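Read the structure below first, then the notes.
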Amino acid sequence: MTTNVLFVCSGNSCRSQMAEGWLRTLGGGRFAVKSAGISPQGQNPRAIAVMAESGVDISGQASKELTDLDLQWADLVITVCGEAEETCPLLPPGTRKEHWPLPDPAKASGTNEEILVVFRASRDDIRWRITDLIARLNP
């Protein structure tokens, strides 16, 4: 049986995009996965770049606005930022929810290399969380 997982973030540009890519890649077809944002900002090129470094292509994903249809579709909603956690609409009965309080790599400052270090740390943290999620949902 496939579990429908929806990642929700404020802008659907970095964290939720990376989570969608990791679950699609590591989930072995056991999950249907989407991501959406409260106020979509478009995909962040650095998120695409650091995921590509790990062999995961998220360039074909789209930054989308969260809809009621997304919420109806989801078995599990995972918010990945405080704004999404605070503003996530009421979920349908039976829909599970988790919150992953991930720092926003798009707010990093410094040289391009220093910013990429922050994006890589976020990518690796999300991969660890996805691996844990898969183990919990499919023991």
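Each chain in the structure tokens gets a letter, A, B, ..., in the order shown, and its residues are numbered from 1; ligands are numbered from 1 in order too.
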
- Task: Could you find all residues in chain A that DSSP calls strand (DSSP E) from the backbone, and write them as a PyMOL selection string?
- Result: chain A and resi 3-9+31-37+76-79+96-99

- Query: Skipping near chain neighbours, those fewer than 6 positions away, what residues fall within 9 Å of A:Ala74 using only C-alpha atoms, listed as a PyMOL selection string?
  - Reply: chain A and resi 3-6+32-34+95-96

Export of prior selection with N, CA and C atoms as an mmCIF file, in the first residue's frame:
data_model
loop_
_atom_site.group_PDB
_atom_site.id
_atom_site.type_symbol
_atom_site.label_atom_id
_atom_site.label_comp_id
_atom_site.auth_asym_id
_atom_site.auth_seq_id
_atom_site.Cartn_x
_atom_site.Cartn_y
_atom_site.Cartn_z
ATOM 1 N N THR A 3 1.757 5.159 0.720
ATOM 2 C CA THR A 3 1.441 6.242 1.634
ATOM 3 C C THR A 3 1.655 7.560 0.906
ATOM 4 N N ASN A 4 0.663 8.432 0.945
ATOM 5 C CA ASN A 4 0.753 9.750 0.313
ATOM 6 C C ASN A 4 1.326 10.742 1.317
ATOM 7 N N VAL A 5 2.505 11.295 1.007
ATOM 8 C CA VAL A 5 3.200 12.211 1.919
ATOM 9 C C VAL A 5 3.304 13.585 1.264
ATOM 10 N N LEU A 6 2.889 14.599 2.018
ATOM 11 C CA LEU A 6 2.928 15.987 1.559
ATOM 12 C C LEU A 6 3.837 16.786 2.475
ATOM 13 N N ALA A 32 3.858 7.959 -2.412
ATOM 14 C CA ALA A 32 3.562 9.017 -3.370
ATOM 15 C C ALA A 32 3.909 10.302 -2.635
ATOM 16 N N VAL A 33 4.585 11.216 -3.283
ATOM 17 C CA VAL A 33 5.098 12.378 -2.563
ATOM 18 C C VAL A 33 4.876 13.659 -3.348
ATOM 19 N N LYS A 34 4.520 14.700 -2.600
ATOM 20 C CA LYS A 34 4.339 16.038 -3.149
ATOM 21 C C LYS A 34 4.907 17.033 -2.149
ATOM 22 N N THR A 95 -5.861 12.233 8.767
ATOM 23 C CA THR A 95 -4.578 12.656 8.197
ATOM 24 C C THR A 95 -3.607 12.911 9.346
ATOM 25 N N ARG A 96 -2.465 12.249 9.272
ATOM 26 C CA ARG A 96 -1.447 12.439 10.307
ATOM 27 C C ARG A 96 -0.601 13.657 9.965
#

- For A:Cys14, list every protein, DNA or RNA residue within 12 Å, evaluated using only C-alpha atoms, and leave out those in the same chain fewer than 3 positions away; present the list as a PyMOL selection string. chain A and resi 7-11+17-21+35-37+40-51+58-59+61-63+80-81+102-107+118-120+122-123+126

Next, the residues of the selection above should be written as a compact mmCIF listing (two decimals), in the first residue's frame with C-alpha atoms.
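Done, and the output landed in result25.txt:
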# COMPACT_ATOMS: atom_id res chain seq x y z
CA PHE A 7 5.76 18.29 2.64
CA VAL A 8 4.67 21.84 3.42
CA CYS A 9 6.91 24.89 3.78
CA SER A 10 6.45 28.63 3.59
CA GLY A 11 7.96 29.10 0.11
CA GLN A 17 11.69 20.48 -2.32
CA MET A 18 14.69 18.58 -0.93
CA ALA A 19 12.43 16.41 1.25
CA GLU A 20 10.24 15.57 -1.76
CA GLY A 21 13.30 14.60 -3.78
CA SER A 35 5.46 19.34 -1.72
CA ALA A 36 3.70 22.69 -1.55
CA GLY A 37 4.08 26.10 0.00
CA PRO A 40 5.46 29.60 -3.30
CA GLN A 41 8.73 31.32 -4.21
CA GLY A 42 10.03 29.12 -7.03
CA GLN A 43 12.79 26.56 -6.70
CA ASN A 44 16.06 27.72 -5.19
CA PRO A 45 18.99 27.01 -7.56
CA ARG A 46 21.28 26.16 -4.64
CA ALA A 47 18.84 23.49 -3.42
CA ILE A 48 18.85 21.99 -6.91
CA ALA A 49 22.67 22.11 -7.02
CA VAL A 50 23.34 20.46 -3.65
CA MET A 51 20.80 17.74 -4.30
CA ILE A 58 14.90 17.87 -8.26
CA SER A 59 15.08 20.27 -11.21
CA GLN A 61 9.85 19.51 -9.51
CA ALA A 62 7.73 22.65 -9.32
CA SER A 63 7.15 25.16 -6.54
CA VAL A 80 9.23 21.77 7.63
CA CYS A 81 9.19 25.35 8.94
CA LEU A 102 14.27 22.94 9.87
CA PRO A 103 16.30 26.16 9.62
CA ASP A 104 15.93 27.94 6.27
CA PRO A 105 19.15 27.61 4.24
CA ALA A 106 17.97 30.43 1.96
CA LYS A 107 18.60 32.82 4.85
CA VAL A 118 24.58 25.61 4.90
CA PHE A 119 22.56 24.13 2.03
CA ARG A 120 24.57 20.91 2.21
CA SER A 122 20.24 21.12 5.38
CA ARG A 123 20.28 18.49 2.60
CA ILE A 126 16.70 16.15 5.57

- Per-residue DSSP, chain A, filtered to helix (DSSP H, G or I), as a ChimeraX atom specification: /A:15-26,45-53,68-73,82-87,105-107,112-137

- Query: Which residues come within 10 Å of A:Gly94, counting only C-alpha atoms, excluding same-chain residues fewer than 3 positions away, as a ChimeraX atom specification?
  - Reply: /A:74-76,91,97

- Message: Give me the residues near A:Asp68 as an MDAnalysis selection string, where near means some atom within 9 Å (using only C-alpha atoms) and where sequence neighbours in that chain fewer than 4 positions away do not count.
- Response: chainID A and resid 72:73 89

For the residues in that selection, give me C-alpha atoms as a PDB file, in the first residue's frame.
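Wrote it out as again_9.pdb, contents follow:
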ATOM      1  CA  GLN A  72      -7.345  15.742   0.971  1.00  0.00           C
ATOM      2  CA  TRP A  73      -4.810  13.621  -0.956  1.00  0.00           C
ATOM      3  CA  PRO A  89      -5.010  24.560   7.546  1.00  0.00           C
TER       4      PRO A  89
END

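The spacing separating atom CA of A:Asn12 from atom CA of A:Leu66 amounts to 9.2 Å.
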
- Item | Residue among A:Thr2, A:Gly55, A:Pro93, A:Trp22 lying closest to A:Arg129, counting only C-alpha atoms |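 Using only C-alpha atoms, the shortest distance to A:Arg129 belongs to A:Trp22.
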
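Shortest separation to A:Arg24 among A:Asp57, A:Ala108, A:Ile38, A:Thr67 occurs at residue A:Asp57, atoms counted being only C-alpha atoms.
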
- Could you check how far atom CA of A:Ser39 sits from atom CA of A:Glu65, in Å to one decimal?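 Taking atom CA of A:Ser39 and atom CA of A:Glu65, their separation equals 6.2 Å.
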